Every structure is written in structure tokens, then in C-alpha cells.
>>> print(open('start-v4.txt').read())   # compact mmCIF, C-alpha atoms
# COMPACT_ATOMS: atom_id res chain seq x y z
CA ALA A 1 -78.57 19.98 -22.38
CA GLN A 2 -75.36 20.34 -20.46
CA SER A 3 -72.69 17.67 -20.07
CA VAL A 4 -69.16 17.26 -18.84
CA ALA A 5 -66.51 14.64 -19.54
CA GLN A 6 -63.49 13.61 -17.53
CA PRO A 7 -61.62 11.33 -19.93
CA GLU A 8 -59.23 9.83 -17.37
CA ASP A 9 -60.43 7.57 -14.57
CA GLN A 10 -57.06 7.82 -12.87
CA VAL A 11 -54.02 10.06 -13.06
CA ASN A 12 -50.71 9.09 -11.48
CA VAL A 13 -47.99 11.63 -10.82
CA ALA A 14 -44.81 11.79 -8.77
CA GLU A 15 -44.63 14.23 -5.89
CA GLY A 16 -43.08 17.51 -6.98
CA ASN A 17 -44.13 17.08 -10.61
CA PRO A 18 -46.85 19.19 -12.22
CA LEU A 19 -50.29 17.63 -12.46
CA THR A 20 -53.18 18.07 -14.87
CA VAL A 21 -56.68 16.65 -14.51
CA LYS A 22 -58.70 17.05 -17.70
CA CYS A 23 -62.27 18.23 -18.16
CA THR A 24 -64.28 19.07 -21.26
CA TYR A 25 -67.84 20.35 -21.35
CA SER A 26 -70.83 20.95 -23.57
CA VAL A 27 -73.42 23.69 -23.01
CA SER A 28 -75.71 25.83 -25.12
CA GLY A 29 -74.77 29.18 -23.65
CA ASN A 30 -71.87 30.40 -21.59
CA PRO A 31 -70.59 27.83 -19.10
CA TYR A 32 -70.21 28.15 -15.38
CA LEU A 33 -67.47 25.68 -14.46
CA PHE A 34 -66.46 24.23 -11.10
CA TRP A 35 -63.90 21.85 -9.65
CA TYR A 36 -64.51 19.88 -6.46
CA VAL A 37 -62.30 17.46 -4.55
CA GLN A 38 -63.35 14.50 -2.43
CA TYR A 39 -60.99 13.03 0.14
CA PRO A 40 -61.67 9.47 1.34
CA ASN A 41 -64.89 9.12 3.34
CA ARG A 42 -65.63 12.82 3.06
CA GLY A 43 -68.11 14.99 1.19
CA LEU A 44 -67.07 17.13 -1.75
CA GLN A 45 -65.13 20.35 -1.18
CA PHE A 46 -65.15 23.30 -3.57
CA LEU A 47 -61.78 24.09 -5.18
CA LEU A 48 -62.41 26.82 -7.74
CA LYS A 49 -64.81 28.14 -10.35
CA TYR A 50 -64.97 30.02 -13.62
CA ILE A 51 -67.93 32.29 -14.23
CA THR A 52 -66.51 35.06 -16.39
CA GLY A 53 -63.34 37.12 -16.82
CA ASP A 54 -59.78 35.84 -16.67
CA ASN A 55 -59.33 32.44 -18.29
CA LEU A 56 -56.88 31.37 -15.59
CA VAL A 57 -58.60 30.81 -12.29
CA LYS A 58 -56.77 30.25 -9.01
CA GLY A 59 -58.28 28.27 -6.18
CA SER A 60 -57.63 26.48 -2.92
CA TYR A 61 -54.52 24.46 -2.03
CA GLY A 62 -52.46 25.89 -4.90
CA PHE A 63 -54.72 24.58 -7.65
CA GLU A 64 -55.61 26.52 -10.77
CA ALA A 65 -57.64 25.86 -13.88
CA GLU A 66 -57.61 27.27 -17.38
CA PHE A 67 -60.82 27.96 -19.25
CA ASN A 68 -60.43 27.39 -22.98
CA LYS A 69 -63.57 28.32 -24.89
CA SER A 70 -62.41 27.12 -28.30
CA GLN A 71 -61.51 23.69 -26.94
CA THR A 72 -64.45 23.65 -24.48
CA SER A 73 -62.06 22.61 -21.73
CA PHE A 74 -61.43 23.48 -18.11
CA HIS A 75 -58.38 21.48 -17.03
CA LEU A 76 -57.26 21.50 -13.40
CA LYS A 77 -53.55 22.07 -12.78
CA LYS A 78 -51.01 22.35 -10.02
CA PRO A 79 -47.34 23.19 -10.56
CA SER A 80 -46.01 20.81 -7.90
CA ALA A 81 -48.06 17.86 -6.66
CA LEU A 82 -48.14 16.70 -3.04
CA VAL A 83 -48.96 13.25 -1.73
CA SER A 84 -51.79 14.90 0.21
CA ASP A 85 -53.39 15.94 -3.11
CA SER A 86 -54.32 12.30 -3.69
CA ALA A 87 -58.11 12.32 -3.90
CA LEU A 88 -61.07 12.09 -6.26
CA TYR A 89 -61.62 15.20 -8.40
CA PHE A 90 -64.88 16.21 -10.02
CA CYS A 91 -65.52 18.77 -12.72
CA ALA A 92 -69.01 20.28 -12.93
CA VAL A 93 -70.79 22.59 -15.36
CA ARG A 94 -73.90 24.72 -15.42
CA ASP A 95 -75.31 26.19 -18.58
CA GLY A 96 -75.66 29.95 -18.15
CA LEU A 97 -78.81 29.89 -20.29
CA THR A 98 -80.90 27.64 -18.08
CA GLY A 99 -83.01 28.68 -15.12
CA GLY A 100 -84.20 26.82 -12.05
CA GLY A 101 -81.46 27.54 -9.60
CA ASN A 102 -77.89 26.42 -9.97
CA LYS A 103 -78.31 22.85 -11.11
CA LEU A 104 -74.91 21.39 -11.87
CA THR A 105 -73.95 18.43 -14.02
CA PHE A 106 -70.96 16.54 -12.65
CA GLY A 107 -68.37 14.47 -14.43
CA THR A 108 -67.61 10.89 -13.47
CA GLY A 109 -64.54 11.86 -11.46
CA THR A 110 -60.79 11.37 -11.80
CA GLN A 111 -58.80 9.61 -9.12
CA LEU A 112 -55.50 11.42 -8.60
CA LYS A 113 -52.68 9.42 -7.06
CA VAL A 114 -49.50 11.22 -6.09
CA GLU A 115 -46.59 8.98 -5.20
CA LEU A 116 -43.29 9.65 -3.51
CA ASP B 1 -68.04 28.26 7.78
CA VAL B 2 -71.03 26.72 6.08
CA LYS B 3 -72.04 23.51 7.67
CA VAL B 4 -74.16 20.87 6.01
CA THR B 5 -75.01 17.91 8.20
CA GLN B 6 -76.67 14.62 7.31
CA SER B 7 -78.59 12.53 9.78
CA SER B 8 -76.62 9.31 9.35
CA ARG B 9 -73.22 8.29 8.01
CA TYR B 10 -74.13 4.64 7.47
CA LEU B 11 -77.47 2.90 7.11
CA VAL B 12 -78.35 -0.71 6.42
CA LYS B 13 -81.92 -1.50 5.39
CA ARG B 14 -83.84 -4.44 4.02
CA THR B 15 -85.65 -4.38 0.71
CA GLY B 16 -89.05 -2.72 1.00
CA GLU B 17 -88.28 -0.65 4.08
CA LYS B 18 -88.91 3.10 4.15
CA VAL B 19 -85.92 5.37 4.62
CA PHE B 20 -85.68 9.03 5.57
CA LEU B 21 -82.44 10.86 4.95
CA GLU B 22 -82.30 14.28 6.51
CA CYS B 23 -80.06 17.19 5.63
CA VAL B 24 -79.65 20.42 7.56
CA GLN B 25 -77.69 23.53 6.58
CA ASP B 26 -76.92 26.45 8.82
CA MET B 27 -76.23 29.27 6.35
CA ASP B 28 -79.71 30.29 5.27
CA HIS B 29 -79.16 28.96 1.74
CA GLU B 30 -82.07 29.04 -0.68
CA ASN B 31 -81.01 26.01 -2.69
CA MET B 32 -80.65 22.45 -1.49
CA PHE B 33 -79.81 19.31 -3.44
CA TRP B 34 -79.77 15.54 -3.11
CA TYR B 35 -77.31 13.51 -5.17
CA ARG B 36 -76.31 9.90 -5.29
CA GLN B 37 -72.72 8.95 -5.96
CA ASP B 38 -71.80 5.64 -7.58
CA PRO B 39 -68.37 4.50 -8.79
CA GLY B 40 -67.83 5.30 -12.44
CA LEU B 41 -71.03 7.34 -12.65
CA GLY B 42 -70.03 10.39 -10.63
CA LEU B 43 -72.73 12.42 -8.93
CA ARG B 44 -76.25 12.30 -10.26
CA LEU B 45 -78.90 14.75 -9.16
CA ILE B 46 -82.01 13.21 -7.64
CA TYR B 47 -84.02 16.28 -6.57
CA PHE B 48 -83.38 19.88 -5.73
CA SER B 49 -85.24 22.72 -4.07
CA TYR B 50 -84.79 26.45 -4.53
CA ASP B 51 -87.24 27.53 -1.86
CA VAL B 52 -89.32 26.22 1.00
CA LYS B 53 -91.99 23.79 -0.22
CA MET B 54 -90.58 23.99 -3.74
CA LYS B 55 -88.99 20.99 -5.39
CA GLU B 56 -87.82 20.01 -8.83
CA LYS B 57 -86.86 16.67 -10.27
CA GLY B 58 -83.28 16.08 -11.11
CA ASP B 59 -81.91 13.51 -13.50
CA ILE B 60 -82.88 10.35 -11.58
CA PRO B 61 -85.97 11.03 -9.42
CA GLU B 62 -87.63 7.63 -9.84
CA GLY B 63 -88.07 5.82 -6.53
CA TYR B 64 -87.42 8.95 -4.47
CA SER B 65 -89.37 11.85 -3.05
CA VAL B 66 -88.35 14.91 -1.05
CA SER B 67 -89.72 17.33 1.49
CA ARG B 68 -88.71 20.85 2.37
CA GLU B 69 -90.92 22.28 5.08
CA LYS B 70 -88.26 24.58 6.52
CA LYS B 71 -85.54 26.50 4.76
CA GLU B 72 -82.70 24.79 6.56
CA ARG B 73 -83.94 21.22 6.17
CA PHE B 74 -84.28 19.01 3.09
CA SER B 75 -85.33 15.39 3.42
CA LEU B 76 -84.94 12.56 0.94
CA ILE B 77 -87.49 9.76 1.23
CA LEU B 78 -87.17 6.27 -0.17
CA GLU B 79 -90.69 4.87 0.14
CA SER B 80 -89.80 1.26 -0.54
CA THR B 81 -86.12 0.56 -0.85
CA SER B 82 -84.64 -1.74 -3.45
CA THR B 83 -81.13 -3.13 -3.79
CA ASN B 84 -80.35 -0.79 -6.68
CA GLN B 85 -80.69 2.11 -4.28
CA THR B 86 -77.56 1.00 -2.46
CA SER B 87 -75.34 4.05 -2.87
CA MET B 88 -73.68 7.06 -1.25
CA TYR B 89 -76.17 9.90 -0.84
CA LEU B 90 -74.86 13.45 -0.71
CA CYS B 91 -76.73 16.57 0.28
CA ALA B 92 -75.62 20.04 -0.75
CA SER B 93 -76.74 23.64 -0.39
CA SER B 94 -75.97 26.92 -2.10
CA SER B 95 -77.06 30.53 -2.10
CA GLY B 96 -78.53 32.68 -4.86
CA GLN B 97 -80.43 31.91 -8.04
CA GLY B 98 -77.94 32.82 -10.71
CA GLY B 99 -75.89 29.63 -10.66
CA TYR B 100 -72.70 31.49 -9.80
CA ASN B 101 -72.21 30.14 -6.33
CA GLU B 102 -70.56 26.94 -5.28
CA GLN B 103 -72.41 24.15 -3.52
CA PHE B 104 -71.46 23.05 -0.03
CA PHE B 105 -71.70 19.34 0.64
CA GLY B 106 -72.47 17.24 3.64
CA PRO B 107 -70.34 14.20 4.58
CA GLY B 108 -72.68 11.75 2.89
CA THR B 109 -74.79 8.77 3.95
CA ARG B 110 -73.76 5.34 2.75
CA LEU B 111 -76.94 3.33 2.35
CA THR B 112 -76.85 -0.41 1.91
CA VAL B 113 -80.07 -2.19 0.97
CA LEU B 114 -80.03 -5.95 1.54
>>> encode(input="start-v4.txt", output="C-alpha cells")
Amino acid sequence: AQSVAQPEDQVNVAEGNPLTVKCTYSVSGNPYLFWYVQYPNRGLQFLLKYITGDNLVKGSYGFEAEFNKSQTSFHLKKPSALVSDSALYFCAVRDGLTGGGNKLTFGTGTQLKVEL
Amino acid sequence: DVKVTQSSRYLVKRTGEKVFLECVQDMDHENMFWYRQDPGLGLRLIYFSYDVKMKEKGDIPEGYSVSREKKERFSLILESTSTNQTSMYLCASSSGQGGYNEQFFGPGTRLTVL
């Protein structure tokens, strides 16, 4: 079984400060990891993914995420937050061992609030 | 750009009514998905399909059925709605079978069952 946890319901950060949104996962094989963002009244948008290779993955809008196998984590980061980054962020995982298409398991989401 | 469209943004139904939610994607994707999104629970997979006429149950299929007669179209059917089906419903599509590719989401349908 695959699962993902986002331990923080909400993260508050001042504009210009670095931000981190946490994600940990559990899978049987190698994980495929994704981050999505949801702006108010919109569907989810893909930010970045880790499949294999470099542990540091760069994505859209200046976001990056670090895959840490020993800590089973895939935290989302940005060096300097913008007010426009305020949104709901979802981490998702797929177990590389399972078949049946790319069925993802999503976390419960973390609301990011960036204030002036 | 991939476009995933959903037939309605908002729907209000009464308990016991039948509801069809339709999703169309324009990028020839093999895989299509239906999720529901509830506060504090994230996204939960209802059904998915990896080919025309193929379907597989997700994590919460009870009370739902699906239909995929054409590659670009994936319908979610609520045969007899109940109040606990009030939720945001999101459709998504993706290409390939290896699980490497990201899913593209529609704008969602907010269903309220009274």
C-alpha cells in the first residue's frame, strides 16, 4: 500500500522569506513523487515530480523539492516566497512496484499563506 | 496545452436524483481519473480508466459508477444521490502506463445534494 502525509494543515510565511511545505511517504518499492498546487476555485496544477536521478528537482514558478530516501521525505521549497504563492499544495505518491496505470495517492493538502 | 473540461462548475441536486458528470480531454490521453476533494481529506480516487471501456475501482467507489465509451470522454454517474456525496469532483487525465507522467486536472464540479 502507498500513503503520503502532509503534517501541516497550514504554513504561514512572510513575503521574501524561504518557504518549506513538508511531505513524507510510504511505499513498497521506489516512489514516484509529485507536487500539485490549487489556487482558489481552480483545479490542480502540476508543479514538479521526482521519478529517478537527482535528488533536487526544480519545477514551475521557482519551486523545488528535495527527495530524501532515508527520511522518506519530499519537501517542497522556495527560496523567496511571494504573496501570489498563497494556495493549497498537495503532495502525491505512486509506488513504482504497482501496475494498473499511474494511480496516485494524494496527501490531505497544506494551505500556504504568504503575507506582506 | 492539455485541456481537461468538465460539464458543469456547480450543480445542486436533491437526494435520490441521478447525476451525470462528464469530463473531456483533448490530448489523446490513455488514462482518466475521477476524484472527490473534501476539506481535510485531500483528494480521494473514485474510479479510473486506462483505456476505452476499461475501468478500475479506486479507493472510494461505493455509490458511483463510470463510463468510458470514447477515449476522450470519461463520465461519472451517481445513480441515486445522497447528502454525503456533496463534494468537489475533479477529473484528470494522463498519458502512458508507467506512472511517470503528471496528471492534468479539470476545473472541478462542486456538487451540492440537498
>>> residues_near_point(input="start-v4.txt", point="(-71.7, 15.5, -1.9)", cutoff="9 Å", atoms="only C-alpha atoms", output="number ranges by chain")
A: 38, 42-45; B: 34-37, 43, 88-92, 103-108
>>> closest_residue(input="start-v4.txt", among="B:Asp28, B:Glu22, B:Glu72, B:Asp59", to="Arg44 (chain B)", atoms="only C-alpha atoms")
B:Asp59
>>> atom_distance(input="start-v4.txt", atom1="CA of Thr110 (chain A)", atom2="CA of Thr83 (chain B)")
26.2 Å
>>> closest_residue(input="start-v4.txt", among="B:Arg68, B:Lys13, B:Arg73, B:Lys55", to="chain A", atoms="only C-alpha atoms")
B:Lys55
>>> closest_residue(input="start-v4.txt", among="A:Ala81, A:Leu76, A:Cys23, A:Cys91", to="chain B", atoms="all atoms listed in the file")
A:Cys91
>>> residues_near_point(input="start-v4.txt", point="(-72.9, 28.1, -24.5)", cutoff="8 Å", atoms="only C-alpha atoms", output="list in words")
Ser26, Val27, Ser28, Gly29, Asn30, Pro31, Asp95, Gly96 and Leu97 of chain A
>>> closest_residue(input="start-v4.txt", among="B:Thr109, B:Thr81, B:Gln97, B:Thr86", to="chain A", atoms="only C-alpha atoms")
B:Gln97
>>> atom_distance(input="start-v4.txt", atom1="CA of Pro39 (chain B)", atom2="CA of Tyr100 (chain B)")
27.4 Å
>>> closest_residue(input="start-v4.txt", among="A:His75, A:Lys113, A:Lys69, A:Lys58", to="Asn12 (chain A)", atoms="only C-alpha atoms")
A:Lys113
>>> atom_distance(input="start-v4.txt", atom1="CA of Ser3 (chain A)", atom2="CA of Asn55 (chain A)")
20.0 Å
>>> interface_residues(input="start-v4.txt", of="chain A", to="chain B", cutoff="10 Å", atoms="only C-alpha atoms", output="PDB file with C-alpha atoms, in the frame of the given file")
ATOM      1  CA  ASP A   9     -60.430   7.570 -14.570  1.00  0.00           C
ATOM      2  CA  TYR A  32     -70.210  28.150 -15.380  1.00  0.00           C
ATOM      3  CA  LEU A  33     -67.470  25.680 -14.460  1.00  0.00           C
ATOM      4  CA  PHE A  34     -66.460  24.230 -11.100  1.00  0.00           C
ATOM      5  CA  TRP A  35     -63.900  21.850  -9.650  1.00  0.00           C
ATOM      6  CA  TYR A  36     -64.510  19.880  -6.460  1.00  0.00           C
ATOM      7  CA  GLN A  38     -63.350  14.500  -2.430  1.00  0.00           C
ATOM      8  CA  ASN A  41     -64.890   9.120   3.340  1.00  0.00           C
ATOM      9  CA  ARG A  42     -65.630  12.820   3.060  1.00  0.00           C
ATOM     10  CA  GLY A  43     -68.110  14.990   1.190  1.00  0.00           C
ATOM     11  CA  LEU A  44     -67.070  17.130  -1.750  1.00  0.00           C
ATOM     12  CA  GLN A  45     -65.130  20.350  -1.180  1.00  0.00           C
ATOM     13  CA  PHE A  46     -65.150  23.300  -3.570  1.00  0.00           C
ATOM     14  CA  LEU A  47     -61.780  24.090  -5.180  1.00  0.00           C
ATOM     15  CA  LEU A  48     -62.410  26.820  -7.740  1.00  0.00           C
ATOM     16  CA  LYS A  49     -64.810  28.140 -10.350  1.00  0.00           C
ATOM     17  CA  TYR A  50     -64.970  30.020 -13.620  1.00  0.00           C
ATOM     18  CA  ILE A  51     -67.930  32.290 -14.230  1.00  0.00           C
ATOM     19  CA  THR A  52     -66.510  35.060 -16.390  1.00  0.00           C
ATOM     20  CA  TYR A  89     -61.620  15.200  -8.400  1.00  0.00           C
ATOM     21  CA  PHE A  90     -64.880  16.210 -10.020  1.00  0.00           C
ATOM     22  CA  CYS A  91     -65.520  18.770 -12.720  1.00  0.00           C
ATOM     23  CA  ALA A  92     -69.010  20.280 -12.930  1.00  0.00           C
ATOM     24  CA  VAL A  93     -70.790  22.590 -15.360  1.00  0.00           C
ATOM     25  CA  ARG A  94     -73.900  24.720 -15.420  1.00  0.00           C
ATOM     26  CA  ASP A  95     -75.310  26.190 -18.580  1.00  0.00           C
ATOM     27  CA  GLY A  96     -75.660  29.950 -18.150  1.00  0.00           C
ATOM     28  CA  THR A  98     -80.900  27.640 -18.080  1.00  0.00           C
ATOM     29  CA  GLY A  99     -83.010  28.680 -15.120  1.00  0.00           C
ATOM     30  CA  GLY A 100     -84.200  26.820 -12.050  1.00  0.00           C
ATOM     31  CA  GLY A 101     -81.460  27.540  -9.600  1.00  0.00           C
ATOM     32  CA  ASN A 102     -77.890  26.420  -9.970  1.00  0.00           C
ATOM     33  CA  LYS A 103     -78.310  22.850 -11.110  1.00  0.00           C
ATOM     34  CA  LEU A 104     -74.910  21.390 -11.870  1.00  0.00           C
ATOM     35  CA  THR A 105     -73.950  18.430 -14.020  1.00  0.00           C
ATOM     36  CA  PHE A 106     -70.960  16.540 -12.650  1.00  0.00           C
ATOM     37  CA  GLY A 107     -68.370  14.470 -14.430  1.00  0.00           C
ATOM     38  CA  THR A 108     -67.610  10.890 -13.470  1.00  0.00           C
ATOM     39  CA  GLY A 109     -64.540  11.860 -11.460  1.00  0.00           C
ATOM     40  CA  THR A 110     -60.790  11.370 -11.800  1.00  0.00           C
TER      41      THR A 110
END
>>> closest_residue(input="start-v4.txt", among="A:Phe63, A:Pro7, A:Leu112, A:Asp54", to="Ser80 (chain A)", atoms="all atoms listed in the file")
A:Phe63
>>> residues_around(input="start-v4.txt", residues="Glu79 (chain B)", least_positions_apart="3", cutoff="8 Å", atoms="all atoms listed in the file", output="list in words")
Gly16, Glu17, Lys18, Val19, Gly63, Tyr64 and Ser65 of chain B
>>> residues_around(input="start-v4.txt", residues="Gln111 (chain A)", least_positions_apart="3", cutoff="6 Å", atoms="only C-alpha atoms", output="list in words")
Gln10, Ala87 and Leu88 of chain A
>>> residues_around(input="start-v4.txt", residues="Gly16 (chain A)", least_positions_apart="6", cutoff="10 Å", atoms="all atoms listed in the file", output="PyMOL selection string")
chain A and resi 78-83+114-116
>>> write_last_selection(input="start-v4.txt", atoms="C-alpha atoms", output="short mmCIF file (atom, residue, chain, number, x, y, z; two decimals), in the coordinates of the input")
data_model
loop_
_atom_site.label_atom_id
_atom_site.label_comp_id
_atom_site.auth_asym_id
_atom_site.auth_seq_id
_atom_site.Cartn_x
_atom_site.Cartn_y
_atom_site.Cartn_z
CA LYS A 78 -51.01 22.35 -10.02
CA PRO A 79 -47.34 23.19 -10.56
CA SER A 80 -46.01 20.81 -7.90
CA ALA A 81 -48.06 17.86 -6.66
CA LEU A 82 -48.14 16.70 -3.04
CA VAL A 83 -48.96 13.25 -1.73
CA VAL A 114 -49.50 11.22 -6.09
CA GLU A 115 -46.59 8.98 -5.20
CA LEU A 116 -43.29 9.65 -3.51
#
